[in-house]
$ cat structure28.pdb   # PDB, C-alpha atoms
ATOM      1  CA  MET A  79      14.765 -66.937  -6.401
ATOM      2  CA  PRO A  80      17.360 -69.604  -7.138
ATOM      3  CA  GLU A  81      20.553 -69.482  -5.035
ATOM      4  CA  GLY A  82      22.801 -68.913  -8.051
ATOM      5  CA  GLU A  83      20.861 -65.814  -9.172
ATOM      6  CA  VAL A  84      21.097 -64.327  -5.620
ATOM      7  CA  GLN A  85      24.875 -64.780  -5.611
ATOM      8  CA  VAL A  86      25.224 -63.107  -9.056
ATOM      9  CA  LYS A  87      23.049 -60.214  -7.883
ATOM     10  CA  GLU A  88      25.173 -59.700  -4.718
ATOM     11  CA  GLU A  89      28.399 -59.762  -6.763
ATOM     12  CA  GLY A  90      26.907 -57.169  -9.085
ATOM     13  CA  LYS A  91      26.123 -54.848  -6.171
ATOM     14  CA  PHE A  92      29.653 -55.248  -4.838
ATOM     15  CA  ARG A  93      31.234 -54.391  -8.220
ATOM     16  CA  ALA A  94      28.922 -51.421  -8.639
ATOM     17  CA  GLY A  95      29.979 -50.202  -5.204
ATOM     18  CA  LEU A  96      33.654 -50.489  -6.072
ATOM     19  CA  LYS A  97      33.079 -48.642  -9.335
ATOM     20  CA  SER A  98      31.228 -45.819  -7.560
ATOM     21  CA  CYS A  99      34.025 -45.540  -4.990
ATOM     22  CA  GLY A 100      36.647 -45.395  -7.751
ATOM     23  CA  THR A 101      34.653 -42.752  -9.617
ATOM     24  CA  PHE A 102      34.459 -40.665  -6.421
ATOM     25  CA  LEU A 103      38.211 -40.865  -5.893
ATOM     26  CA  TYR A 104      38.903 -39.898  -9.479
ATOM     27  CA  ASN A 105      36.339 -39.083 -12.164
ATOM     28  CA  SER A 106      38.032 -39.143 -15.546
ATOM     29  CA  ASP A 107      34.965 -37.683 -17.285
ATOM     30  CA  ASP A 108      35.079 -34.285 -15.552
ATOM     31  CA  GLY A 109      38.649 -34.483 -14.135
ATOM     32  CA  THR A 110      37.691 -34.258 -10.441
ATOM     33  CA  VAL A 111      39.333 -35.817  -7.382
ATOM     34  CA  MET A 112      36.952 -36.647  -4.532
ATOM     35  CA  GLY A 113      34.329 -34.479  -6.175
ATOM     36  CA  ARG A 114      36.557 -31.383  -6.475
ATOM     37  CA  GLY A 115      38.314 -29.885  -9.446
ATOM     38  CA  GLY A 116      41.789 -28.375  -9.472
ATOM     39  CA  MET A 117      40.602 -24.807  -8.754
ATOM     40  CA  SER A 118      38.405 -25.970  -5.868
ATOM     41  CA  TRP A 119      41.285 -27.860  -4.244
ATOM     42  CA  ALA A 120      43.573 -24.847  -4.664
ATOM     43  CA  LYS A 121      41.060 -22.563  -2.904
ATOM     44  CA  ILE A 122      40.409 -24.892   0.027
ATOM     45  CA  GLY A 123      44.149 -25.710   0.350
ATOM     46  CA  THR A 124      45.030 -22.001   0.468
ATOM     47  CA  PHE A 125      42.364 -21.409   3.104
ATOM     48  CA  TYR A 126      43.664 -24.130   5.417
ATOM     49  CA  ILE A 127      47.294 -23.059   4.979
ATOM     50  CA  PHE A 128      46.410 -19.555   6.206
ATOM     51  CA  PHE A 129      44.051 -20.883   8.893
ATOM     52  CA  TYR A 130      46.544 -23.270  10.517
ATOM     53  CA  SER A 131      49.416 -20.800  10.083
ATOM     54  CA  PHE A 132      47.391 -18.275  12.086
ATOM     55  CA  LEU A 133      46.652 -20.851  14.813
ATOM     56  CA  ALA A 134      50.338 -21.816  15.038
ATOM     57  CA  ALA A 135      51.404 -18.159  15.263
ATOM     58  CA  PHE A 136      48.746 -17.467  17.912
ATOM     59  CA  PHE A 137      49.886 -20.460  19.990
ATOM     60  CA  ALA A 138      53.572 -19.488  19.644
ATOM     61  CA  MET A 139      52.810 -15.903  20.711
ATOM     62  CA  ASN A 140      50.940 -17.124  23.805
ATOM     63  CA  MET A 141      53.788 -19.443  24.746
ATOM     64  CA  TYR A 142      56.310 -16.625  24.307
ATOM     65  CA  VAL A 143      54.329 -14.240  26.500
ATOM     66  CA  MET A 144      53.834 -16.890  29.204
ATOM     67  CA  LEU A 145      57.479 -17.985  29.256
ATOM     68  CA  SER A 146      58.696 -14.388  29.349
ATOM     69  CA  THR A 147      56.902 -13.931  32.692
ATOM     70  CA  LEU A 148      58.722 -16.867  34.345
ATOM     71  CA  ASP A 149      61.799 -16.375  36.478
ATOM     72  CA  ASP A 150      64.560 -18.960  36.024
ATOM     73  CA  ASP A 151      65.464 -18.777  39.721
ATOM     74  CA  LYS A 152      62.116 -18.220  41.405
ATOM     75  CA  PRO A 153      58.711 -19.920  40.921
ATOM     76  CA  THR A 154      55.727 -17.705  40.153
ATOM     77  CA  VAL A 155      53.537 -19.254  42.867
ATOM     78  CA  TYR A 156      54.954 -20.791  46.035
ATOM     79  CA  GLN A 157      54.236 -21.352  49.746
ATOM     80  CA  ARG A 158      50.496 -20.789  49.231
ATOM     81  CA  SER A 159      49.852 -24.358  48.090
ATOM     82  CA  ASN A 160      53.120 -26.124  48.944
ATOM     83  CA  LYS A 161      53.100 -27.118  52.612
ATOM     84  CA  PRO A 162      55.938 -28.740  54.601
ATOM     85  CA  GLN A 163      55.724 -32.520  54.250
ATOM     86  CA  VAL A 164      58.080 -35.000  55.873
ATOM     87  CA  ALA A 165      58.870 -37.428  53.067
ATOM     88  CA  ILE A 166      61.458 -39.160  50.893
ATOM     89  CA  SER A 167      61.407 -39.597  47.118
ATOM     90  CA  GLN A 168      62.162 -43.350  47.328
ATOM     91  CA  TYR A 169      58.774 -44.368  48.748
ATOM     92  CA  LYS A 170      59.733 -48.047  49.070
ATOM     93  CA  SER A 171      62.188 -47.083  51.791
ATOM     94  CA  THR A 172      59.330 -46.145  54.152
ATOM     95  CA  THR A 173      58.232 -49.769  54.687
ATOM     96  CA  MET A 174      60.502 -52.302  56.361
ATOM     97  CA  ASN A 175      59.148 -55.760  55.557
ATOM     98  CA  LEU A 176      60.522 -58.339  57.990
ATOM     99  CA  ARG A 177      58.376 -61.157  56.554
ATOM    100  CA  GLU A 178      59.965 -61.618  53.135
ATOM    101  CA  LYS A 179      63.642 -61.251  52.290
ATOM    102  CA  ALA A 180      62.797 -60.071  48.776
ATOM    103  CA  LYS A 181      60.683 -57.202  50.129
ATOM    104  CA  PHE A 182      63.367 -56.307  52.655
ATOM    105  CA  ALA A 183      65.863 -56.207  49.783
ATOM    106  CA  GLU A 184      63.582 -53.739  47.942
ATOM    107  CA  TYR A 185      63.504 -51.506  51.014
ATOM    108  CA  LYS A 186      67.283 -51.693  51.362
ATOM    109  CA  GLY A 187      67.717 -51.008  47.651
ATOM    110  CA  ALA A 188      65.607 -47.848  47.974
ATOM    111  CA  ILE A 189      67.819 -46.701  50.853
ATOM    112  CA  ASN A 190      70.847 -47.322  48.649
ATOM    113  CA  GLU A 191      69.308 -45.177  45.880
ATOM    114  CA  THR A 192      69.087 -42.325  48.385
ATOM    115  CA  LYS A 193      72.693 -42.922  49.407
ATOM    116  CA  VAL A 194      73.922 -42.822  45.796
ATOM    117  CA  GLU A 195      71.939 -39.651  45.104
ATOM    118  CA  TYR A 196      73.424 -37.850  48.107
ATOM    119  CA  GLU A 197      76.925 -39.077  47.359
ATOM    120  CA  LYS A 198      76.926 -37.996  43.716
ATOM    121  CA  TYR A 199      74.981 -34.745  43.655
ATOM    122  CA  LEU A 200      77.087 -31.600  43.890
ATOM    123  CA  ALA A 201      75.321 -28.252  43.994
ATOM    124  CA  PRO A 202      77.248 -26.362  41.252
ATOM    125  CA  GLU A 203      76.394 -22.894  42.576
ATOM    126  CA  ALA A 204      76.502 -23.626  46.307
ATOM    127  CA  GLU A 205      77.900 -20.919  48.554
ATOM    128  CA  GLY A 206      77.190 -22.470  51.951
ATOM    129  CA  GLU A 207      77.145 -25.965  53.424
ATOM    130  CA  VAL A 208      75.381 -28.624  51.351
ATOM    131  CA  PHE A 209      73.944 -31.811  52.866
ATOM    132  CA  ARG A 210      75.769 -34.949  51.723
ATOM    133  CA  TRP A 211      75.781 -38.623  52.672
ATOM    134  CA  PHE A 212      78.650 -38.127  55.111
ATOM    135  CA  HIS A 213      76.238 -36.045  57.219
ATOM    136  CA  VAL A 214      74.067 -39.169  57.606
ATOM    137  CA  GLN A 215      77.157 -41.130  58.618
ATOM    138  CA  ARG A 216      78.159 -38.432  61.073
ATOM    139  CA  ASN A 217      74.687 -38.329  62.619
ATOM    140  CA  SER A 218      74.502 -42.136  62.887
ATOM    141  CA  ALA A 219      77.364 -44.478  62.071
ATOM    142  CA  PHE A 220      74.896 -47.375  62.104
ATOM    143  CA  CYS A 221      72.440 -45.831  59.615
ATOM    144  CA  GLY A 222      75.242 -44.512  57.425
ATOM    145  CA  ASP A 223      76.506 -48.049  56.736
ATOM    146  CA  LEU A 224      74.004 -50.180  54.784
ATOM    147  CA  ASP A 225      75.827 -53.363  55.828
ATOM    148  CA  ASN A 226      74.188 -52.885  59.231
ATOM    149  CA  TYR A 227      70.693 -53.218  57.765
ATOM    150  CA  SER A 228      69.835 -56.847  58.486
ATOM    151  CA  PHE A 229      66.790 -58.980  57.761
ATOM    152  CA  ASP A 230      68.029 -61.714  60.100
ATOM    153  CA  LYS A 231      68.725 -59.332  62.976
ATOM    154  CA  LYS A 232      65.459 -57.439  62.294
ATOM    155  CA  GLU A 233      67.068 -54.014  62.296
ATOM    156  CA  GLY A 234      67.613 -51.127  59.922
ATOM    157  CA  CYS A 235      66.962 -47.423  59.398
ATOM    158  CA  PHE A 236      64.583 -45.038  57.718
ATOM    159  CA  LEU A 237      65.749 -41.802  56.098
ATOM    160  CA  LEU A 238      63.475 -38.796  55.766
ATOM    161  CA  GLY A 239      63.565 -35.084  55.001
ATOM    162  CA  LEU A 240      61.243 -32.301  53.905
ATOM    163  CA  ASN A 241      59.734 -31.674  50.497
ATOM    164  CA  ARG A 242      61.285 -28.834  48.513
ATOM    165  CA  ILE A 243      59.657 -25.468  49.122
ATOM    166  CA  TYR A 244      61.180 -22.384  47.557
ATOM    167  CA  GLY A 245      62.312 -19.857  50.151
ATOM    168  CA  PHE A 246      61.265 -22.082  53.068
ATOM    169  CA  ASP A 247      62.886 -20.938  56.308
ATOM    170  CA  PRO A 248      61.409 -22.702  59.357
ATOM    171  CA  THR A 249      63.170 -20.483  61.880
ATOM    172  CA  GLY A 250      62.271 -17.179  60.227
ATOM    173  CA  ASN A 251      65.962 -16.259  60.094
ATOM    174  CA  SER A 252      66.094 -16.350  63.885
ATOM    175  CA  THR A 253      69.548 -16.990  65.348
ATOM    176  CA  ASP A 254      68.224 -18.428  68.632
ATOM    177  CA  THR A 255      65.766 -20.905  67.081
ATOM    178  CA  ARG A 256      66.660 -24.400  65.973
ATOM    179  CA  PHE A 257      64.925 -26.656  63.441
ATOM    180  CA  PHE A 258      64.759 -30.426  63.879
ATOM    181  CA  PHE A 259      62.673 -33.602  63.496
ATOM    182  CA  ASP A 260      61.190 -36.032  65.986
ATOM    183  CA  CYS A 261      59.109 -39.221  65.813
ATOM    184  CA  GLN A 262      56.661 -41.189  67.912
ATOM    185  CA  ARG A 263      54.749 -44.478  67.845
ATOM    186  CA  ASP A 264      51.453 -44.484  65.995
ATOM    187  CA  ILE A 265      48.422 -46.785  65.982
ATOM    188  CA  GLY A 266      48.122 -46.528  62.181
ATOM    189  CA  ILE A 267      45.105 -45.995  59.946
ATOM    190  CA  THR A 268      43.358 -49.163  61.129
ATOM    191  CA  GLY A 269      44.174 -48.499  64.775
ATOM    192  CA  LYS A 270      46.040 -51.809  65.119
ATOM    193  CA  GLY A 271      49.600 -50.511  65.191
ATOM    194  CA  ASP A 272      51.840 -51.991  67.883
ATOM    195  CA  MET A 273      52.233 -49.502  70.735
ATOM    196  CA  THR A 274      54.354 -51.815  72.923
ATOM    197  CA  ASP A 275      58.131 -51.832  73.245
ATOM    198  CA  VAL A 276      58.596 -54.736  70.790
ATOM    199  CA  THR A 277      60.037 -52.208  68.362
ATOM    200  CA  SER A 278      62.624 -49.805  69.701
ATOM    201  CA  PHE A 279      63.680 -46.764  67.695
ATOM    202  CA  SER A 280      65.836 -43.684  67.976
ATOM    203  CA  VAL A 281      66.052 -40.498  65.903
ATOM    204  CA  HIS A 282      69.404 -39.228  64.612
ATOM    205  CA  PRO A 283      70.574 -36.595  65.153
ATOM    206  CA  ASP A 284      69.084 -36.489  68.648
ATOM    207  CA  PRO A 285      66.032 -34.178  68.678
ATOM    208  CA  ALA A 286      67.219 -32.826  72.034
ATOM    209  CA  ASP A 287      69.971 -30.814  70.376
ATOM    210  CA  ALA A 288      69.677 -31.359  66.604
ATOM    211  CA  ASP A 289      69.582 -28.311  64.344
ATOM    212  CA  PHE A 290      69.116 -28.269  60.575
ATOM    213  CA  SER A 291      68.525 -24.510  60.331
ATOM    214  CA  ASN A 292      71.910 -23.904  58.669
ATOM    215  CA  PHE A 293      70.582 -25.646  55.532
ATOM    216  CA  TYR A 294      67.750 -23.113  55.173
ATOM    217  CA  PRO A 295      66.292 -21.047  53.580
ATOM    218  CA  TRP A 296      66.201 -23.391  50.585
ATOM    219  CA  THR A 297      65.866 -21.941  47.072
ATOM    220  CA  SER A 298      67.127 -24.518  44.564
ATOM    221  CA  LYS A 299      69.175 -27.694  44.145
ATOM    222  CA  VAL A 300      71.950 -25.909  42.270
ATOM    223  CA  LYS A 301      72.388 -23.347  45.049
ATOM    224  CA  ASP A 302      71.435 -25.242  48.208
ATOM    225  CA  GLY A 303      71.707 -28.893  47.222
ATOM    226  CA  LEU A 304      69.398 -31.703  48.288
ATOM    227  CA  GLN A 305      67.187 -31.588  51.356
ATOM    228  CA  PRO A 306      68.881 -32.525  54.657
ATOM    229  CA  LEU A 307      67.945 -35.954  56.002
ATOM    230  CA  PHE A 308      67.438 -37.395  59.456
ATOM    231  CA  ALA A 309      67.564 -41.092  60.313
ATOM    232  CA  VAL A 310      65.279 -43.327  62.360
ATOM    233  CA  LYS A 311      67.095 -46.408  63.643
ATOM    234  CA  VAL A 312      64.765 -49.372  64.250
ATOM    235  CA  LYS A 313      65.175 -52.784  65.893
ATOM    236  CA  VAL A 314      62.532 -55.446  66.506
ATOM    237  CA  ASP A 315      62.933 -57.646  69.590
ATOM    238  CA  MET A 316      61.795 -61.062  68.371
ATOM    239  CA  ASP A 317      61.841 -62.575  71.874
ATOM    240  CA  LYS A 318      59.300 -60.001  73.044
ATOM    241  CA  LEU A 319      57.230 -60.425  69.899
ATOM    242  CA  ASN A 320      57.122 -64.228  70.177
ATOM    243  CA  ALA A 321      56.219 -63.969  73.847
ATOM    244  CA  ILE A 322      52.890 -62.366  72.916
ATOM    245  CA  THR A 323      50.384 -65.206  72.724
ATOM    246  CA  GLU A 324      47.131 -63.295  72.254
ATOM    247  CA  ASP A 325      46.408 -60.468  69.830
ATOM    248  CA  ARG A 326      49.926 -60.656  68.443
ATOM    249  CA  PRO A 327      50.603 -57.392  66.539
ATOM    250  CA  GLU A 328      51.352 -57.597  62.832
ATOM    251  CA  GLU A 329      52.775 -54.126  62.227
ATOM    252  CA  ALA A 330      54.273 -51.145  63.984
ATOM    253  CA  PHE A 331      54.015 -47.547  62.814
ATOM    254  CA  ILE A 332      56.131 -44.481  63.481
ATOM    255  CA  THR A 333      55.145 -40.938  62.534
ATOM    256  CA  CYS A 334      57.624 -38.085  62.169
ATOM    257  CA  LEU A 335      57.141 -34.320  62.144
ATOM    258  CA  PRO A 336      59.300 -31.176  61.875
ATOM    259  CA  TYR A 337      59.662 -28.838  64.858
ATOM    260  CA  THR A 338      61.248 -25.555  65.828
ATOM    261  CA  GLN A 339      62.341 -24.533  69.292
ATOM    262  CA  LYS A 340      63.353 -21.120  70.477
ATOM    263  CA  GLU A 341      65.948 -20.994  73.230
ATOM    264  CA  GLY A 342      64.287 -21.278  76.619
ATOM    265  CA  GLU A 343      60.856 -22.192  75.181
ATOM    266  CA  ASP A 344      58.920 -25.359  74.353
ATOM    267  CA  ARG A 345      59.199 -26.856  70.920
ATOM    268  CA  VAL A 346      56.534 -26.064  68.323
ATOM    269  CA  GLN A 347      55.417 -28.104  65.324
ATOM    270  CA  VAL A 348      56.171 -26.333  62.039
ATOM    271  CA  GLU A 349      52.988 -24.604  60.885
ATOM    272  CA  ASP A 350      50.840 -26.577  58.397
ATOM    273  CA  SER A 351      53.380 -29.403  58.347
ATOM    274  CA  ARG A 352      52.350 -32.961  57.516
ATOM    275  CA  PHE A 353      53.764 -36.130  59.013
ATOM    276  CA  ALA A 354      55.354 -39.156  57.393
ATOM    277  CA  ARG A 355      54.243 -42.623  58.514
ATOM    278  CA  LEU A 356      56.846 -45.384  58.606
ATOM    279  CA  THR A 357      55.800 -49.030  58.615
ATOM    280  CA  ILE A 358      57.514 -52.067  60.159
ATOM    281  CA  GLN A 359      55.854 -55.325  59.129
ATOM    282  CA  TYR A 360      56.455 -58.076  61.700
ATOM    283  CA  PRO A 361      57.255 -61.681  60.711
ATOM    284  CA  TRP A 362      54.271 -64.033  60.748
ATOM    285  CA  LYS A 363      53.828 -66.167  63.820
ATOM    286  CA  GLU A 364      55.441 -69.559  63.389
ATOM    287  CA  GLU A 365      52.987 -72.428  63.892
TER     288      GLU A 365
END
$ encode --input "structure28.pdb" --output "structure tokens"
Amino acid sequence: MPEGEVQVKEEGKFRAGLKSCGTFLYNSDDGTVMGRGGMSWAKIGTFYIFFYSFLAAFFAMNMYVMLSTLDDDKPTVYQRSNKPQVAISQYKSTTMNLREKAKFAEYKGAINETKVEYEKYLAPEAEGEVFRWFHVQRNSAFCGDLDNYSFDKKEGCFLLGLNRIYGFDPTGNSTDTRFFFDCQRDIGITGKGDMTDVTSFSVHPDPADADFSNFYPWTSKVKDGLQPLFAVKVKVDMDKLNAITEDRPEEAFITCLPYTQKEGEDRVQVEDSRFARLTIQYPWKEE
């Protein structure tokens, strides 16, 4: 078949297709739209109006019943799945990078976010003592002043607390039991964490006599404020680090856990509690 006749035939099919599509959308001969007349559209429209109205009412009723069972001041389920976890919301503040100034600045900025949060937040319905930034300053003048955090001097602090658990009372309302935090060196996930004394650290307030029990039990931010924080002051001795010629460590890790101690007894780790791991990344060895 000649090429011209093929092209005419294809154009004819295309026009016929357009005409069929137009007739489907609106057929002037029998007055239908998409194959349906006015009465048919009215019936199907009425059906869907009632159908979706019923679904909306059913959904609204379920939401109303569910919300009516919730207490504004107390969660429906708690303690069963929420376990004590040493942590901080600004996750970037748990890694002190001493290799890159930009990364160190990110860590310091995250610490500053915590500072601002604890300076500004006021528990509107508080009846007792609420933890504020001045408590950090009182526990450690060094950690309470961010000007002391120095990339060049290889020193700074970590701030940590517990996650929020409604009704959590670590001492069980005991008057002779104290609640505190303590930390230790850790080999890390890969087992290569520095366990030498290149990195020195101290916990503030001192775990020997610290007591955060007056901030518990915790029920809500508006009543009890933000979680109390403890500080871990860290300093890296570069002379000791550079003196290591073989198997020079690249990182140091510190893990922290919550404890209780009854007067006259040994301390006990808070049941089901989970540790926080802090990371100090050492500068690369200079060639």
$ resolve_selection --input "structure28.pdb" --expression "the PyMOL selection byres ((chain A and resi 245) around 7)" --output "list in words"
Ile243, Tyr244, Phe246, Asp247, Pro295, Trp296 and Thr297 of chain A
$ resolve_selection --input "structure28.pdb" --expression "the PyMOL selection byres ((chain A and resi 279) around 6)" --output "short mmCIF file (atom, residue, chain, number, x, y, z; two decimals) with C-alpha atoms, keeping the file's coordinate frame"
data_model
loop_
_atom_site.label_atom_id
_atom_site.label_comp_id
_atom_site.auth_asym_id
_atom_site.auth_seq_id
_atom_site.Cartn_x
_atom_site.Cartn_y
_atom_site.Cartn_z
CA SER A 278 62.62 -49.80 69.70
CA SER A 280 65.84 -43.68 67.98
CA LYS A 311 67.10 -46.41 63.64
CA VAL A 312 64.76 -49.37 64.25
#
$ atom_distance --input "structure28.pdb" --atom1 "atom CA of Cys235 of chain A" --atom2 "atom CA of Asp350 of chain A"
26.4 Å
$ axis_aligned_box --input "structure28.pdb" --around "segment 307-324 of chain A" --padding-each-side "8 Å" --output "lines of an AutoDock Vina configuration file"
center_x = 57.5
center_y = -50.6
center_z = 64.9
size_x = 36.8
size_y = 45.3
size_z = 33.8
$ resolve_selection --input "structure28.pdb" --expression "the PyMOL selection byres ((chain A and resi 212) around 12)" --output "PyMOL selection string"
chain A and resi 193-194+196-198+208-211+213-219+221-223+306-307
$ residues_near_point --input "structure28.pdb" --point "(74.9, -17.4, 51.6)" --cutoff "12 Å" --atoms "all atoms listed in the file" --output "ChimeraX atom specification"
/A:203-208,292-297,301-302
$ write_last_selection --input "structure28.pdb" --atoms "C-alpha atoms" --output "PDB file, in the coordinates of the input"
ATOM      1  CA  GLU A 203      76.394 -22.894  42.576  1.00  0.00           C
ATOM      2  CA  ALA A 204      76.502 -23.626  46.307  1.00  0.00           C
ATOM      3  CA  GLU A 205      77.900 -20.919  48.554  1.00  0.00           C
ATOM      4  CA  GLY A 206      77.190 -22.470  51.951  1.00  0.00           C
ATOM      5  CA  GLU A 207      77.145 -25.965  53.424  1.00  0.00           C
ATOM      6  CA  VAL A 208      75.381 -28.624  51.351  1.00  0.00           C
ATOM      7  CA  ASN A 292      71.910 -23.904  58.669  1.00  0.00           C
ATOM      8  CA  PHE A 293      70.582 -25.646  55.532  1.00  0.00           C
ATOM      9  CA  TYR A 294      67.750 -23.113  55.173  1.00  0.00           C
ATOM     10  CA  PRO A 295      66.292 -21.047  53.580  1.00  0.00           C
ATOM     11  CA  TRP A 296      66.201 -23.391  50.585  1.00  0.00           C
ATOM     12  CA  THR A 297      65.866 -21.941  47.072  1.00  0.00           C
ATOM     13  CA  LYS A 301      72.388 -23.347  45.049  1.00  0.00           C
ATOM     14  CA  ASP A 302      71.435 -25.242  48.208  1.00  0.00           C
TER      15      ASP A 302
END
$ residues_around --input "structure28.pdb" --residues "Trp362 of chain A" --least-positions-apart "2" --cutoff "10 Å" --atoms "only C-alpha atoms" --output "list in words"
Leu176, Arg177, Glu178, Asn320, Arg326, Pro327, Glu328, Gln359, Tyr360, Glu364 and Glu365 of chain A
$ atom_distance --input "structure28.pdb" --atom1 "atom CA of Ala286 of chain A" --atom2 "atom CA of Arg242 of chain A"
24.6 Å
$ atom_distance --input "structure28.pdb" --atom1 "atom CA of Tyr104 of chain A" --atom2 "atom CA of Ser131 of chain A"
29.3 Å
$ residues_near_point --input "structure28.pdb" --point "(57.9, -51.7, 68.5)" --cutoff "8 Å" --atoms "only C-alpha atoms" --output "count of residues only"
13
$ closest_residue --input "structure28.pdb" --among "A:Glu329, A:Gln339, A:Leu240, A:Phe220" --to "Asp287 of chain A" --atoms "all atoms listed in the file"
A:Gln339
$ closest_residue --input "structure28.pdb" --among "A:Val143, A:Leu335, A:Ile166, A:Val281" --to "Leu304 of chain A" --atoms "only C-alpha atoms"
A:Ile166
$ closest_residue --input "structure28.pdb" --among "A:Asn140, A:Ser291, A:Thr255, A:Ser167" --to "Glu191 of chain A" --atoms "all atoms listed in the file"
A:Ser167
$ decode --input "structure28.pdb" --residues "segment 288-302 of chain A" --atoms "N, CA, C and O atoms" --output "PDB file, in the first residue's frame"
ATOM      1  N   ALA A 288      25.418  12.564  94.850  1.00  0.00           N
ATOM      2  CA  ALA A 288      24.366  13.196  94.038  1.00  0.00           C
ATOM      3  C   ALA A 288      23.001  12.571  94.337  1.00  0.00           C
ATOM      4  O   ALA A 288      22.901  11.382  94.667  1.00  0.00           O
ATOM      5  N   ASP A 289      21.957  13.387  94.184  1.00  0.00           N
ATOM      6  CA  ASP A 289      20.600  12.875  94.402  1.00  0.00           C
ATOM      7  C   ASP A 289      19.599  13.701  93.592  1.00  0.00           C
ATOM      8  O   ASP A 289      19.412  14.890  93.835  1.00  0.00           O
ATOM      9  N   PHE A 290      18.981  13.041  92.620  1.00  0.00           N
ATOM     10  CA  PHE A 290      17.971  13.692  91.786  1.00  0.00           C
ATOM     11  C   PHE A 290      16.548  13.280  92.187  1.00  0.00           C
ATOM     12  O   PHE A 290      15.601  13.581  91.459  1.00  0.00           O
ATOM     13  N   SER A 291      16.396  12.598  93.298  1.00  0.00           N
ATOM     14  CA  SER A 291      15.087  12.038  93.654  1.00  0.00           C
ATOM     15  C   SER A 291      14.036  13.109  93.911  1.00  0.00           C
ATOM     16  O   SER A 291      12.835  12.842  93.778  1.00  0.00           O
ATOM     17  N   ASN A 292      14.472  14.341  94.239  1.00  0.00           N
ATOM     18  CA  ASN A 292      13.481  15.394  94.513  1.00  0.00           C
ATOM     19  C   ASN A 292      12.765  15.874  93.253  1.00  0.00           C
ATOM     20  O   ASN A 292      11.775  16.596  93.324  1.00  0.00           O
ATOM     21  N   PHE A 293      13.247  15.452  92.066  1.00  0.00           N
ATOM     22  CA  PHE A 293      12.583  15.812  90.818  1.00  0.00           C
ATOM     23  C   PHE A 293      11.601  14.724  90.355  1.00  0.00           C
ATOM     24  O   PHE A 293      11.047  14.814  89.266  1.00  0.00           O
ATOM     25  N   TYR A 294      11.412  13.712  91.169  1.00  0.00           N
ATOM     26  CA  TYR A 294      10.519  12.601  90.829  1.00  0.00           C
ATOM     27  C   TYR A 294       9.531  12.369  91.963  1.00  0.00           C
ATOM     28  O   TYR A 294       9.787  12.741  93.106  1.00  0.00           O
ATOM     29  N   PRO A 295       8.368  11.731  91.689  1.00  0.00           N
ATOM     30  CA  PRO A 295       7.933  11.167  90.394  1.00  0.00           C
ATOM     31  C   PRO A 295       7.601  12.251  89.375  1.00  0.00           C
ATOM     32  O   PRO A 295       7.180  13.339  89.733  1.00  0.00           O
ATOM     33  N   TRP A 296       7.807  11.904  88.097  1.00  0.00           N
ATOM     34  CA  TRP A 296       7.561  12.830  86.992  1.00  0.00           C
ATOM     35  C   TRP A 296       6.236  12.464  86.331  1.00  0.00           C
ATOM     36  O   TRP A 296       5.959  11.300  86.066  1.00  0.00           O
ATOM     37  N   THR A 297       5.387  13.485  86.085  1.00  0.00           N
ATOM     38  CA  THR A 297       4.088  13.224  85.462  1.00  0.00           C
ATOM     39  C   THR A 297       3.895  13.990  84.153  1.00  0.00           C
ATOM     40  O   THR A 297       3.311  13.460  83.210  1.00  0.00           O
ATOM     41  N   SER A 298       4.380  15.229  84.088  1.00  0.00           N
ATOM     42  CA  SER A 298       4.212  16.000  82.855  1.00  0.00           C
ATOM     43  C   SER A 298       5.129  17.214  82.873  1.00  0.00           C
ATOM     44  O   SER A 298       5.605  17.640  83.930  1.00  0.00           O
ATOM     45  N   LYS A 299       5.359  17.799  81.683  1.00  0.00           N
ATOM     46  CA  LYS A 299       6.208  18.978  81.588  1.00  0.00           C
ATOM     47  C   LYS A 299       5.583  20.172  82.287  1.00  0.00           C
ATOM     48  O   LYS A 299       6.284  20.966  82.923  1.00  0.00           O
ATOM     49  N   VAL A 300       4.249  20.309  82.164  1.00  0.00           N
ATOM     50  CA  VAL A 300       3.607  21.485  82.751  1.00  0.00           C
ATOM     51  C   VAL A 300       3.631  21.451  84.268  1.00  0.00           C
ATOM     52  O   VAL A 300       3.625  22.486  84.925  1.00  0.00           O
ATOM     53  N   LYS A 301       3.679  20.258  84.845  1.00  0.00           N
ATOM     54  CA  LYS A 301       3.670  20.132  86.307  1.00  0.00           C
ATOM     55  C   LYS A 301       5.069  19.948  86.891  1.00  0.00           C
ATOM     56  O   LYS A 301       5.363  20.440  87.990  1.00  0.00           O
ATOM     57  N   ASP A 302       5.917  19.200  86.180  1.00  0.00           N
ATOM     58  CA  ASP A 302       7.228  18.854  86.743  1.00  0.00           C
ATOM     59  C   ASP A 302       8.402  19.366  85.927  1.00  0.00           C
ATOM     60  O   ASP A 302       9.554  19.141  86.285  1.00  0.00           O
TER      61      ASP A 302
END
